[in-house]
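Text of query15.cif, listed as mmCIF, C-alpha atoms:
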data_structure
#
loop_
_atom_site.label_atom_id
_atom_site.label_comp_id
_atom_site.auth_asym_id
_atom_site.auth_seq_id
_atom_site.Cartn_x
_atom_site.Cartn_y
_atom_site.Cartn_z
CA MET A 1 0.00 0.00 0.00
CA ALA A 2 2.89 2.37 0.70
CA GLY A 3 3.88 2.26 -2.96
CA VAL A 4 0.47 3.45 -4.19
CA ARG A 5 -0.55 5.70 -1.28
CA GLU A 6 0.21 8.89 -3.17
CA ASP A 7 -1.83 7.75 -6.20
CA LEU A 8 -4.70 6.68 -3.94
CA GLU A 9 -4.75 10.04 -2.18
CA ALA A 10 -4.92 11.85 -5.53
CA PHE A 11 -7.70 9.50 -6.70
CA ALA A 12 -9.67 10.02 -3.47
CA ALA A 13 -9.15 13.80 -3.55
CA ASP A 14 -10.81 13.93 -6.97
CA LEU A 15 -13.60 11.56 -5.93
CA PHE A 16 -14.46 13.48 -2.75
CA ASP A 17 -13.86 16.94 -4.21
CA GLY A 18 -17.46 18.01 -3.58
CA PHE A 19 -17.30 17.27 0.17
CA PHE A 20 -17.28 20.61 2.01
CA ARG A 21 -16.02 19.15 5.27
CA ALA A 22 -12.37 18.15 5.61
CA ASP A 23 -13.24 15.33 8.02
CA GLN A 24 -15.51 13.72 5.40
CA ARG A 25 -12.72 13.87 2.82
CA ARG A 26 -10.30 12.35 5.34
CA TRP A 27 -12.52 9.48 6.39
CA GLY A 28 -13.65 8.78 2.84
CA GLN A 29 -10.03 8.31 1.78
CA ALA A 30 -9.32 6.23 4.89
CA TYR A 31 -12.31 3.96 4.27
CA VAL A 32 -11.27 3.29 0.66
CA ARG A 33 -7.71 2.59 1.83
CA GLY A 34 -9.05 0.19 4.46
CA LEU A 35 -10.94 -1.72 1.76
CA LEU A 36 -7.72 -2.05 -0.25
CA LEU A 37 -5.52 -3.25 2.62
CA ASP A 38 -4.84 -6.96 3.06
CA GLY A 39 -7.19 -8.73 5.44
CA ARG A 40 -10.10 -11.12 5.14
CA ARG A 41 -12.77 -8.98 6.79
CA LYS A 42 -13.55 -5.47 5.52
CA SER A 43 -16.10 -4.28 8.08
CA VAL A 44 -15.32 -1.18 10.16
CA GLU A 45 -13.66 -2.73 13.23
CA PRO A 46 -11.03 -4.89 11.48
CA MET A 47 -10.32 -2.13 8.95
CA ALA A 48 -9.78 0.36 11.78
CA ALA A 49 -7.28 -2.02 13.37
CA ARG A 50 -5.25 -2.07 10.13
CA LEU A 51 -5.38 1.66 9.31
CA GLY A 52 -2.78 2.98 11.73
CA GLU A 53 -3.19 6.70 12.36
CA ASP A 54 -6.57 6.62 10.58
CA GLY A 55 -7.82 3.69 12.64
CA ASN A 56 -10.56 5.57 14.50
CA ARG A 57 -13.37 3.00 14.59
CA GLN A 58 -15.98 5.47 15.82
CA ALA A 59 -15.16 8.07 13.15
CA LEU A 60 -15.19 5.45 10.36
CA ALA A 61 -18.49 3.99 11.58
CA HIS A 62 -20.09 7.45 11.73
CA PHE A 63 -18.81 8.36 8.26
CA ILE A 64 -20.15 5.23 6.58
CA THR A 65 -23.43 4.87 8.52
CA SER A 66 -24.64 8.29 9.61
CA SER A 67 -22.70 11.07 7.90
CA PRO A 68 -25.02 13.01 5.52
CA TRP A 69 -23.04 12.78 2.27
CA ASP A 70 -24.68 11.93 -1.02
CA PRO A 71 -23.30 8.72 -2.58
CA ALA A 72 -24.75 9.74 -5.97
CA HIS A 73 -22.23 12.60 -6.09
CA VAL A 74 -19.35 10.15 -5.62
CA ARG A 75 -20.80 7.70 -8.15
CA ALA A 76 -21.21 10.45 -10.74
CA ARG A 77 -17.56 11.49 -10.40
CA LEU A 78 -16.55 7.83 -10.53
CA ALA A 79 -18.60 7.31 -13.70
CA TRP A 80 -16.99 10.31 -15.41
CA ARG A 81 -13.51 9.03 -14.58
CA MET A 82 -14.17 5.43 -15.61
CA GLN A 83 -16.04 6.35 -18.79
CA ASP A 84 -12.89 8.00 -20.09
CA VAL A 85 -10.65 5.10 -19.06
CA VAL A 86 -12.83 2.09 -19.94
CA GLY A 87 -14.32 3.47 -23.16
CA PRO A 88 -17.44 1.35 -22.55
CA GLU A 89 -19.18 -0.65 -25.26
CA ALA A 90 -22.11 -1.37 -22.94
CA LEU A 91 -23.81 -0.69 -19.65
CA ILE A 92 -24.44 -4.01 -17.91
CA VAL A 93 -27.37 -4.46 -15.50
CA ASP A 94 -27.52 -7.18 -12.85
CA ASP A 95 -28.13 -7.80 -9.16
CA THR A 96 -26.34 -9.62 -6.38
CA GLY A 97 -27.30 -10.95 -2.96
CA PHE A 98 -25.98 -9.98 0.47
CA LEU A 99 -26.66 -12.92 2.79
CA LYS A 100 -27.83 -12.02 6.30
CA ASP A 101 -28.42 -13.99 9.50
CA GLY A 102 -30.57 -11.43 11.31
CA ASP A 103 -33.64 -9.39 10.38
CA ALA A 104 -32.59 -5.91 11.49
CA SER A 105 -30.80 -4.66 8.35
CA ALA A 106 -32.67 -2.58 5.80
CA CYS A 107 -34.64 -4.57 3.20
CA VAL A 108 -33.69 -8.04 4.47
CA SER A 109 -36.22 -10.64 3.37
CA ARG A 110 -36.45 -14.22 2.24
CA GLN A 111 -36.00 -13.86 -1.51
CA TYR A 112 -34.21 -15.52 -4.38
CA THR A 113 -30.62 -14.58 -5.07
CA GLY A 114 -28.23 -16.07 -7.59
CA THR A 115 -25.47 -15.59 -5.00
CA ALA A 116 -26.87 -18.57 -3.07
CA GLY A 117 -28.81 -20.10 -5.96
CA LYS A 118 -31.95 -20.33 -3.83
CA VAL A 119 -34.50 -18.43 -1.75
CA THR A 120 -32.79 -17.32 1.45
CA LYS A 121 -32.61 -14.43 3.91
CA CYS A 122 -30.71 -11.64 2.21
CA GLN A 123 -30.58 -8.13 0.80
CA VAL A 124 -30.44 -7.71 -2.97
CA GLY A 125 -28.60 -4.87 -4.68
CA VAL A 126 -29.07 -3.86 -8.32
CA SER A 127 -26.00 -2.40 -10.03
CA LEU A 128 -24.94 -0.85 -13.34
CA HIS A 129 -21.45 -1.37 -14.76
CA LEU A 130 -19.66 0.38 -17.62
CA ALA A 131 -17.88 -2.35 -19.56
CA ARG A 132 -15.88 -3.49 -22.52
CA ASP A 133 -13.86 -6.69 -22.98
CA HIS A 134 -10.76 -5.59 -21.06
CA ALA A 135 -12.24 -3.61 -18.16
CA SER A 136 -15.42 -2.67 -16.29
CA ALA A 137 -16.54 -0.54 -13.36
CA ALA A 138 -19.64 -0.40 -11.15
CA VAL A 139 -21.05 3.13 -11.35
CA ASN A 140 -24.54 2.95 -9.83
CA TRP A 141 -26.36 0.96 -7.14
CA ARG A 142 -29.83 0.57 -5.61
CA LEU A 143 -30.92 -1.55 -2.67
CA PHE A 144 -34.03 -3.49 -3.68
CA LEU A 145 -36.95 -2.95 -1.28
CA PRO A 146 -39.18 -6.06 -1.09
CA ALA A 147 -42.96 -5.65 -1.03
CA SER A 148 -43.01 -6.76 2.62
CA TRP A 149 -41.15 -3.53 3.53
CA ASP A 150 -43.59 -1.27 1.68
CA PRO A 151 -46.54 -0.01 3.78
CA ALA A 152 -48.52 0.61 0.57
CA SER A 153 -48.19 -3.00 -0.59
CA ALA A 154 -50.79 -5.72 -0.02
CA GLN A 155 -47.85 -7.92 1.05
CA ALA A 156 -46.66 -5.47 3.73
CA ASP A 157 -45.33 -7.05 6.92
CA ALA A 158 -46.03 -5.00 10.05
CA ASP A 159 -42.71 -5.84 11.72
CA ARG A 160 -40.67 -4.88 8.67
CA VAL A 161 -42.65 -1.73 8.01
CA GLY A 162 -42.05 -0.83 11.65
CA ARG A 163 -38.29 -1.14 11.13
CA ARG A 164 -38.20 1.38 8.27
CA THR A 165 -37.58 4.37 10.56
CA ARG A 166 -34.80 2.62 12.51
CA CYS A 167 -33.16 1.66 9.20
CA GLY A 168 -33.45 5.19 7.85
CA ILE A 169 -35.41 4.18 4.77
CA PRO A 170 -36.78 7.38 3.15
CA ALA A 171 -40.57 7.71 3.35
CA GLY A 172 -40.89 8.00 -0.42
CA VAL A 173 -39.09 4.72 -1.16
CA GLY A 174 -41.51 1.93 -2.01
CA HIS A 175 -41.39 -1.45 -3.68
CA VAL A 176 -40.64 -1.42 -7.40
CA GLU A 177 -39.49 -4.30 -9.59
CA LYS A 178 -35.76 -4.68 -10.19
CA TRP A 179 -36.13 -3.91 -13.89
CA GLN A 180 -37.78 -0.58 -13.00
CA LEU A 181 -34.95 0.18 -10.57
CA ALA A 182 -32.56 -0.48 -13.46
CA LEU A 183 -34.42 1.95 -15.73
CA ASP A 184 -34.40 4.60 -12.99
CA MET A 185 -30.65 4.12 -12.53
CA ILE A 186 -30.07 4.32 -16.28
CA ASP A 187 -31.93 7.65 -16.31
CA GLU A 188 -29.80 8.92 -13.44
CA THR A 189 -26.56 7.74 -15.05
CA ARG A 190 -27.47 9.44 -18.32
CA SER A 191 -28.31 12.63 -16.40
CA TRP A 192 -24.64 12.72 -15.34
CA GLY A 193 -23.67 12.98 -19.00
CA VAL A 194 -22.54 9.36 -19.29
CA ALA A 195 -23.14 7.89 -22.75
CA ILE A 196 -24.75 4.44 -22.90
CA PRO A 197 -24.08 2.75 -26.25
CA LEU A 198 -25.82 -0.55 -25.38
CA VAL A 199 -27.58 -2.18 -22.42
CA VAL A 200 -26.75 -5.81 -21.59
CA ALA A 201 -28.67 -7.88 -19.01
CA ASP A 202 -29.64 -11.46 -18.22
CA ALA A 203 -33.11 -12.99 -18.49
CA GLY A 204 -34.06 -11.68 -15.06
CA TYR A 205 -34.42 -8.32 -16.81
CA GLY A 206 -34.80 -9.29 -20.47
CA ASP A 207 -37.89 -11.41 -19.79
CA ALA A 208 -39.78 -8.24 -18.81
CA ALA A 209 -41.27 -6.75 -21.98
CA ALA A 210 -41.74 -3.50 -20.03
CA PHE A 211 -37.98 -3.33 -19.44
CA ARG A 212 -37.22 -3.79 -23.13
CA ASP A 213 -39.90 -1.24 -24.04
CA GLY A 214 -38.42 1.18 -21.51
CA LEU A 215 -35.03 0.90 -23.20
CA GLU A 216 -36.58 1.50 -26.62
CA GLU A 217 -38.51 4.51 -25.34
CA ARG A 218 -35.12 5.87 -24.26
CA LYS A 219 -33.76 5.08 -27.76
CA LEU A 220 -31.19 2.67 -26.34
CA PHE A 221 -29.85 -0.46 -28.02
CA TYR A 222 -29.94 -3.66 -25.98
CA ALA A 223 -28.86 -7.31 -26.01
CA VAL A 224 -30.68 -9.07 -23.19
CA GLY A 225 -31.13 -12.67 -22.14
CA ILE A 226 -34.60 -14.19 -22.43
CA SER A 227 -36.27 -17.50 -21.69
CA GLY A 228 -36.89 -19.80 -24.64
CA ARG A 229 -40.58 -20.02 -23.71
CA HIS A 230 -41.31 -16.51 -24.99
CA THR A 231 -43.10 -16.39 -28.33
CA ALA A 232 -42.50 -14.70 -31.68
CA GLN A 233 -43.53 -14.68 -35.30
CA PRO A 234 -40.95 -15.26 -38.06
CA ALA A 235 -39.59 -12.06 -39.61
CA ASP A 236 -41.45 -12.66 -42.88
CA ALA A 237 -44.85 -13.10 -41.20
CA ARG A 238 -47.41 -10.37 -41.84
CA PRO A 239 -50.78 -9.61 -40.23
CA VAL A 240 -53.86 -10.18 -42.37
CA GLN A 241 -56.85 -7.83 -42.43
CA PRO A 242 -60.12 -9.85 -42.50
CA VAL A 243 -62.83 -8.72 -44.90
CA TYR A 244 -65.23 -6.26 -43.29
CA ALA A 245 -68.87 -7.42 -43.55
CA GLY A 246 -70.13 -3.85 -43.28
CA THR A 247 -71.87 -4.16 -39.92
CA GLY A 248 -70.54 -3.90 -36.38
CA ARG A 249 -67.00 -3.06 -35.41
CA PRO A 250 -64.38 -3.58 -38.18
CA PRO A 251 -62.25 -6.69 -37.53
CA ILE A 252 -58.68 -6.24 -36.27
CA ALA A 253 -55.74 -7.42 -38.38
CA HIS A 254 -54.03 -10.48 -36.95
CA TYR A 255 -51.34 -12.99 -37.80
CA PRO A 256 -52.86 -16.06 -39.47
CA GLU A 257 -50.52 -18.48 -37.67
CA PRO A 258 -50.09 -18.66 -33.90
CA ALA A 259 -46.80 -17.38 -32.50
CA ARG A 260 -44.20 -20.05 -31.69
CA THR A 261 -41.75 -20.18 -28.81
CA MET A 262 -38.29 -18.78 -29.36
CA LYS A 263 -36.88 -22.22 -28.70
CA ASP A 264 -39.11 -23.82 -31.34
CA LEU A 265 -38.16 -21.18 -33.92
CA VAL A 266 -34.47 -21.92 -33.42
CA ILE A 267 -35.01 -25.68 -33.54
CA ALA A 268 -37.02 -25.24 -36.75
CA ALA A 269 -34.07 -23.37 -38.27
CA GLY A 270 -32.06 -26.49 -37.60
CA ARG A 271 -28.65 -27.39 -36.26
CA THR A 272 -27.14 -26.55 -39.67
CA ALA A 273 -28.05 -22.89 -39.09
CA ALA A 274 -25.61 -22.74 -36.15
CA ARG A 275 -22.28 -21.06 -36.89
CA PRO A 276 -19.07 -21.32 -34.84
CA VAL A 277 -18.01 -18.15 -33.01
CA ALA A 278 -15.06 -17.45 -30.71
CA TRP A 279 -15.86 -14.30 -28.75
CA ARG A 280 -13.09 -13.78 -26.17
CA GLU A 281 -10.06 -15.27 -24.46
CA GLY A 282 -10.76 -17.25 -21.31
CA SER A 283 -8.59 -18.02 -18.29
CA ARG A 284 -7.36 -21.47 -19.39
CA LEU A 285 -4.04 -21.86 -21.17
CA GLY A 286 -4.30 -22.27 -24.94
CA ARG A 287 -2.60 -21.60 -28.24
CA SER A 288 -3.87 -18.11 -29.02
CA ARG A 289 -1.51 -15.15 -29.33
CA SER A 290 -2.04 -14.28 -25.68
CA GLY A 291 -1.47 -17.85 -24.53
CA PHE A 292 -5.06 -18.38 -23.35
CA LYS A 293 -7.81 -20.51 -24.81
CA ARG A 294 -10.53 -18.73 -26.78
CA MET A 295 -14.14 -19.03 -25.62
CA TYR A 296 -15.97 -20.86 -28.40
CA SER A 297 -19.45 -22.19 -29.19
CA ARG A 298 -22.04 -22.36 -31.98
CA PHE A 299 -24.81 -19.79 -32.44
CA VAL A 300 -27.99 -19.28 -34.44
CA ALA A 301 -29.15 -15.74 -35.25
CA LEU A 302 -32.66 -15.20 -36.61
CA ARG A 303 -34.78 -12.15 -37.36
CA VAL A 304 -38.08 -12.55 -35.51
CA ARG A 305 -41.08 -10.51 -34.37
CA PRO A 306 -41.52 -10.95 -30.59
CA ALA A 307 -45.15 -11.55 -29.60
CA GLY A 308 -47.08 -11.90 -26.37
CA ARG A 309 -48.64 -9.57 -23.83
CA GLY A 310 -47.09 -6.13 -23.54
CA VAL A 311 -44.84 -6.47 -26.60
CA ARG A 312 -44.22 -3.29 -28.57
CA ARG A 313 -45.74 -3.07 -32.03
CA ALA A 314 -44.32 -1.30 -35.07
CA GLY A 315 -45.84 2.17 -34.91
CA ASP A 316 -49.64 2.31 -34.92
CA THR A 317 -50.10 -0.84 -37.03
CA ALA A 318 -50.86 -4.40 -36.03
CA GLU A 319 -47.41 -5.45 -37.24
CA LEU A 320 -44.98 -6.67 -34.58
CA SER A 321 -41.50 -5.09 -34.45
CA GLU A 322 -38.60 -7.06 -35.89
CA ARG A 323 -35.70 -8.00 -33.60
CA TRP A 324 -32.69 -10.29 -33.38
CA LEU A 325 -33.11 -13.67 -31.72
CA LEU A 326 -29.71 -15.11 -30.81
CA ALA A 327 -29.37 -18.66 -29.50
CA GLU A 328 -26.36 -20.62 -28.33
CA TRP A 329 -26.49 -24.22 -29.60
CA PRO A 330 -23.30 -26.08 -28.66
CA ALA A 331 -22.25 -28.94 -30.93
CA GLY A 332 -22.79 -31.56 -28.23
CA GLU A 333 -26.30 -30.42 -27.23
CA ALA A 334 -29.58 -31.75 -28.61
CA GLU A 335 -31.19 -28.29 -28.47
CA PRO A 336 -30.23 -24.64 -27.88
CA VAL A 337 -29.21 -23.78 -24.32
CA GLN A 338 -29.38 -19.97 -24.09
CA PHE A 339 -31.29 -17.17 -25.80
CA TRP A 340 -30.97 -13.40 -26.25
CA LEU A 341 -33.17 -10.73 -27.82
CA SER A 342 -31.67 -7.57 -29.33
CA ASN A 343 -32.73 -4.45 -31.20
CA LEU A 344 -29.27 -3.94 -32.72
CA PRO A 345 -29.32 -3.15 -36.45
CA SER A 346 -30.30 -5.93 -38.86
CA GLY A 347 -26.91 -5.93 -40.58
CA MET A 348 -24.97 -6.69 -37.38
CA PRO A 349 -22.31 -9.43 -37.96
CA LEU A 350 -22.90 -12.61 -35.97
CA ALA A 351 -19.51 -12.43 -34.23
CA THR A 352 -20.21 -8.88 -33.00
CA LEU A 353 -23.72 -9.81 -31.84
CA VAL A 354 -22.36 -12.77 -29.86
CA ARG A 355 -19.49 -10.80 -28.31
CA LEU A 356 -21.78 -8.03 -27.12
CA ALA A 357 -24.45 -10.39 -25.76
CA LYS A 358 -21.73 -12.33 -23.92
CA LEU A 359 -20.21 -9.18 -22.40
CA ARG A 360 -22.23 -9.81 -19.26
CA TRP A 361 -19.33 -11.93 -17.94
CA ARG A 362 -17.69 -8.65 -16.90
CA ILE A 363 -20.27 -7.95 -14.20
CA GLU A 364 -19.79 -11.43 -12.73
CA HIS A 365 -16.04 -10.73 -12.72
CA ASP A 366 -16.66 -7.43 -10.89
CA TYR A 367 -18.91 -9.02 -8.26
CA ARG A 368 -16.31 -11.72 -7.61
CA GLU A 369 -13.48 -9.21 -7.18
CA MET A 370 -15.53 -6.85 -5.01
CA LYS A 371 -16.81 -9.64 -2.76
CA GLN A 372 -13.63 -11.69 -2.43
CA ALA A 373 -11.04 -8.92 -2.17
CA LEU A 374 -12.80 -5.65 -1.31
CA GLY A 375 -15.48 -6.55 1.23
CA LEU A 376 -18.61 -5.77 -0.79
CA ALA A 377 -20.74 -8.07 1.41
CA HIS A 378 -18.98 -7.22 4.72
CA PHE A 379 -21.00 -4.16 5.75
CA GLU A 380 -22.41 -4.78 9.24
CA GLY A 381 -24.48 -1.62 9.58
CA ARG A 382 -28.26 -1.73 9.31
CA THR A 383 -29.17 1.54 7.63
CA TRP A 384 -30.28 2.38 4.11
CA ASN A 385 -27.71 5.17 3.78
CA GLY A 386 -24.95 3.03 5.25
CA TRP A 387 -25.51 0.30 2.67
CA HIS A 388 -25.42 2.77 -0.23
CA HIS A 389 -22.34 4.49 1.21
CA HIS A 390 -20.49 1.18 1.58
CA VAL A 391 -21.20 -0.22 -1.90
CA THR A 392 -20.27 3.13 -3.45
CA LEU A 393 -16.87 3.16 -1.75
CA VAL A 394 -16.27 -0.50 -2.61
CA SER A 395 -16.93 0.49 -6.23
CA ALA A 396 -14.37 3.27 -5.82
CA ALA A 397 -11.78 0.84 -4.43
CA HIS A 398 -12.48 -1.54 -7.33
CA ALA A 399 -12.14 1.32 -9.84
CA PHE A 400 -8.76 2.26 -8.33
CA CYS A 401 -7.57 -1.33 -8.79
CA THR A 402 -8.80 -1.25 -12.40
CA LEU A 403 -6.95 2.02 -13.07
CA ARG A 404 -3.73 0.54 -11.67
CA ARG A 405 -4.13 -2.61 -13.73
CA LEU A 406 -4.73 -0.69 -16.95
CA ALA A 407 -1.84 1.68 -16.27
CA HIS A 408 0.57 -1.24 -15.91
CA ALA A 409 -0.72 -3.30 -18.84
CA PRO A 410 -1.80 -0.86 -21.58
CA LYS A 411 -0.72 -3.11 -24.45
CA GLU A 412 -2.56 -6.13 -23.12
CA ALA A 413 -5.67 -4.03 -22.46
CA ALA A 414 -5.63 -2.64 -25.99
CA GLN A 415 -5.44 -6.15 -27.47
CA ALA A 416 -8.19 -7.65 -25.29
#
Using structure tokens, write down the structure from this file.
Amino acid sequence: MAGVREDLEAFAADLFDGFFRADQRRWGQAYVRGLLLDGRRKSVEPMAARLGEDGNRQALAHFITSSPWDPAHVRARLAWRMQDVVGPEALIVDDTGFLKDGDASACVSRQYTGTAGKVTKCQVGVSLHLARDHASAAVNWRLFLPASWDPASAQADADRVGRRTRCGIPAGVGHVEKWQLALDMIDETRSWGVAIPLVVADAGYGDAAAFRDGLEERKLFYAVGISGRHTAQPADARPVQPVYAGTGRPPIAHYPEPARTMKDLVIAAGRTAARPVAWREGSRLGRSRSGFKRMYSRFVALRVRPAGRGVRRAGDTAELSERWLLAEWPAGEAEPVQFWLSNLPSGMPLATLVRLAKLRWRIEHDYREMKQALGLAHFEGRTWNGWHHHVTLVSAAHAFCTLRRLAHAPKEAAQA
């Protein structure tokens, strides 16, 4: 740490430039340094023990839990810095779980999280990451508030609603779906002047037609995972206008054939429609120029017209909008195993479509680094503000590591 202390202080000074109070700037820098120091646990007490002259446990705890600084200000400055460095090809949306034993922390509930792969007691945080193949950075966060914590919800739980004040949850914060949180965060991130060339997400978000429509209303491109059970018409299908008999309400144009599932459309295209694509270098040793094995599979790309409830239509007509359906169909599998929907232009090369859809691996990489090395899930406070403060400063510590890595390996980063 001694070798990078000067760089860290300059990084923190820029990040906390808007803090009027010197003590906030001091403890903000100390907290980020504590997250970067060696040590398994990154909660306040063990960090204070490792911080030397800045090891004031009470001051650190007050700064992260109670001090009235706006984490959005820090995230905006972080986004500006990392946008210039990363040169993002996409904004990736996802969520991660924070497992909890007790019930006192803000927004704890029994809910599903991919972190545990099951329904368990946890908090869930939604995050946005600027990303390209060689680097990524978390730039926005929201703590998901379950319906049981919302007094206006039919599923409200009296005990949890009663804990809102103790947890410092703002009165205006209610339950909204994770995909809506993501749209709200995208709006906020764009309000900072951050350009979003493409939105990437898994099926937890892509399955919601309202999320995809929200992106299109914002004139954003997307490549999002979907479940194969969703339905669509082939691209060449057209609605037919029945003959009007002259009495009653005129009949509505409709597609003569029922929509088919995405999975069935890909299977109908056949295994021969799958093309081999290598989209990035993995972590295993191989024979590529970098010495690592290329990630490789077979993919089918079709133009389809997504159907079903809530799906956007083409203008004011009955015609469904045309989109990309991308499916991964490995050579050894009897049927496709993963699906994506995208509104990228129709002339997009298959290799580019695959690489962008697969870019979501960066957010999993970020979660792993932030949880294993930087204490993302180690916050022991119980407040709404404390949680948002902590994840913001973990993102800052992760961004500092990314800046150091890129500064010391510019050639490798440029080739990735």
Exercise for review: Would you list the contacts of range 233-244 of chain A as a PyMOL selection string, taking every protein, DNA or RNA residue within 8 Å and counting all atoms listed in the file, but skipping same-chain residues closer than 3 positions in sequence?
Suggested key: chain A and resi 247+250-256+258-260+265+303-307+318-319+322
Point to revise | the PyMOL selection byres ((chain A and resi 80-82) around 12) resolved against shown file, as a ChimeraX atom specification | key: /A:11-12,14-15,73-79,83-88,129-132,135-140,189-195,395-396,398-403,406
Check your understanding: Looking at A:Ser342, A:Ser321, A:Gln29, A:Ser43, which one is nearest to Val224 in chain A, with distances taken over only C-alpha atoms?
Key -> A:Ser342
Exercise for review: Provide the CA of Pro68 in chain A to CA of Ser148 in chain A distance in Å, to one decimal place.
Suggested key: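 Separation of CA of Pro68 in chain A and CA of Ser148 in chain A: 26.9 Å.
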**Study point:** Long-range neighbours of range 366-375 of chain A as an MDAnalysis selection string, 7 Å cut-off, all atoms listed in the file, 6 positions minimum in chain
**Key:** chainID A and resid 35:36 41:42 394 398
Practice item. With a distance cut-off of 10 Å and all atoms listed in the file, select the neighbouring residues of Phe379 in chain A, excluding the residue or stretch itself and same-chain residues fewer than 2 positions from it, and output the selection as a ChimeraX atom specification. Key: /A:41-44,64-65,98,375-377,381-382,386-387,389-391
Could you take the residues named above and write them with C-alpha atoms, as a PDB file, in the frame of the given file?
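Final output, out-v5.pdb:
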ATOM      1  CA  ARG A  41     -12.770  -8.980   6.790  1.00  0.00           C
ATOM      2  CA  LYS A  42     -13.550  -5.470   5.520  1.00  0.00           C
ATOM      3  CA  SER A  43     -16.100  -4.280   8.080  1.00  0.00           C
ATOM      4  CA  VAL A  44     -15.320  -1.180  10.160  1.00  0.00           C
ATOM      5  CA  ILE A  64     -20.150   5.230   6.580  1.00  0.00           C
ATOM      6  CA  THR A  65     -23.430   4.870   8.520  1.00  0.00           C
ATOM      7  CA  PHE A  98     -25.980  -9.980   0.470  1.00  0.00           C
ATOM      8  CA  GLY A 375     -15.480  -6.550   1.230  1.00  0.00           C
ATOM      9  CA  LEU A 376     -18.610  -5.770  -0.790  1.00  0.00           C
ATOM     10  CA  ALA A 377     -20.740  -8.070   1.410  1.00  0.00           C
ATOM     11  CA  GLY A 381     -24.480  -1.620   9.580  1.00  0.00           C
ATOM     12  CA  ARG A 382     -28.260  -1.730   9.310  1.00  0.00           C
ATOM     13  CA  GLY A 386     -24.950   3.030   5.250  1.00  0.00           C
ATOM     14  CA  TRP A 387     -25.510   0.300   2.670  1.00  0.00           C
ATOM     15  CA  HIS A 389     -22.340   4.490   1.210  1.00  0.00           C
ATOM     16  CA  HIS A 390     -20.490   1.180   1.580  1.00  0.00           C
ATOM     17  CA  VAL A 391     -21.200  -0.220  -1.900  1.00  0.00           C
TER      18      VAL A 391
END
Exercise for review: Choose the residue, out of A:Leu220, A:Leu302, A:Leu181, A:Ala104, that has the smallest atom-to-atom separation from Pro197 in chain A; count all atoms listed in the file.
Suggested key: A:Leu220
**Study point:** Contacts of Gly332 in chain A at 12 Å (only C-alpha atoms; same-chain gap of 5+ positions) as a ChimeraX atom specification
**Key:** /A:271,297-298,337
Check your understanding: CA of Gln180 in chain A to CA of Arg164 in chain A: how many Å, to one decimal?
Key ->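 Rounded to one decimal, the two atoms are 21.4 Å apart.
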**Study point:** Shell around Asp213 in chain A at 12 Å using all atoms listed in the file, local window under 6 positions removed, as a list in words
**Key:** Trp179, Gln180, Leu183, Tyr205, Gly206, Asp207, Lys219, Leu220, Phe221, Tyr222, Pro306, Gly310, Val311, Arg312, Arg313, Ala314, Ser321, Ser342 and Asn343 of chain A
Review point. In Å, how far is it from CA of Leu350 in chain A to CA of Phe299 in chain A?
Key: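 Separation between CA of Leu350 in chain A and CA of Phe299 in chain A: 8.2 Å.
Between Thr383 in chain A and the candidates A:Pro330, A:Arg166, A:Trp141, A:Asp157, the tightest atom-to-atom separation, counting all atoms listed in the file, involves A:Arg166.
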**Study point:** Pick from A:Ala201, A:Ala268, A:Ala13, A:Val4, whichever lies nearest to Arg26 in chain A using all atoms listed in the file
**Key:**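 Closest to Arg26 in chain A of all the choices is A:Ala13.
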Review point. Around (-19.2, 8.5, 12.6) in the file's own coordinates, what residues are found within 12 Å if you use all atoms listed in the file, given back as a list of chain:residue names?
Key: A:Asp23, A:Gln24, A:Trp27, A:Gly28, A:Tyr31, A:Val44, A:Asn56, A:Arg57, A:Gln58, A:Ala59, A:Leu60, A:Ala61, A:His62, A:Phe63, A:Ile64, A:Thr65, A:Ser66, A:Ser67, A:Pro68, A:Trp69, A:Gly381, A:Gly386
Exercise for review: Could you pull out every residue with an atom within 12 Å of (-26.0, -11.7, -35.0), file coordinates, counting all atoms listed in the file, and send them as a PyMOL selection string?
Suggested key: chain A and resi 223+274-277+298-303+323-328+339-358
From the coordinates supplied, range 216-222 of chain A should be written with N, CA and C atoms, as a short mmCIF file (atom, residue, chain, number, x, y, z; two decimals), in the first residue's frame.
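Once written, part.cif looks like this:
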data_model
loop_
_atom_site.label_atom_id
_atom_site.label_comp_id
_atom_site.auth_asym_id
_atom_site.auth_seq_id
_atom_site.Cartn_x
_atom_site.Cartn_y
_atom_site.Cartn_z
N GLU A 216 -36.29 0.97 -25.28
CA GLU A 216 -36.58 1.50 -26.62
C GLU A 216 -37.18 2.90 -26.54
N GLU A 217 -37.99 3.15 -25.53
CA GLU A 217 -38.51 4.51 -25.34
C GLU A 217 -37.38 5.50 -25.10
N ARG A 218 -36.30 5.03 -24.52
CA ARG A 218 -35.12 5.87 -24.26
C ARG A 218 -34.15 5.85 -25.44
N LYS A 219 -34.56 5.17 -26.53
CA LYS A 219 -33.76 5.08 -27.76
C LYS A 219 -32.39 4.44 -27.49
N LEU A 220 -32.40 3.39 -26.67
CA LEU A 220 -31.19 2.67 -26.34
C LEU A 220 -31.18 1.30 -27.03
N PHE A 221 -30.02 0.90 -27.53
CA PHE A 221 -29.85 -0.46 -28.02
C PHE A 221 -29.70 -1.41 -26.83
N TYR A 222 -30.09 -2.67 -27.04
CA TYR A 222 -29.94 -3.66 -25.98
C TYR A 222 -29.65 -5.04 -26.57
#
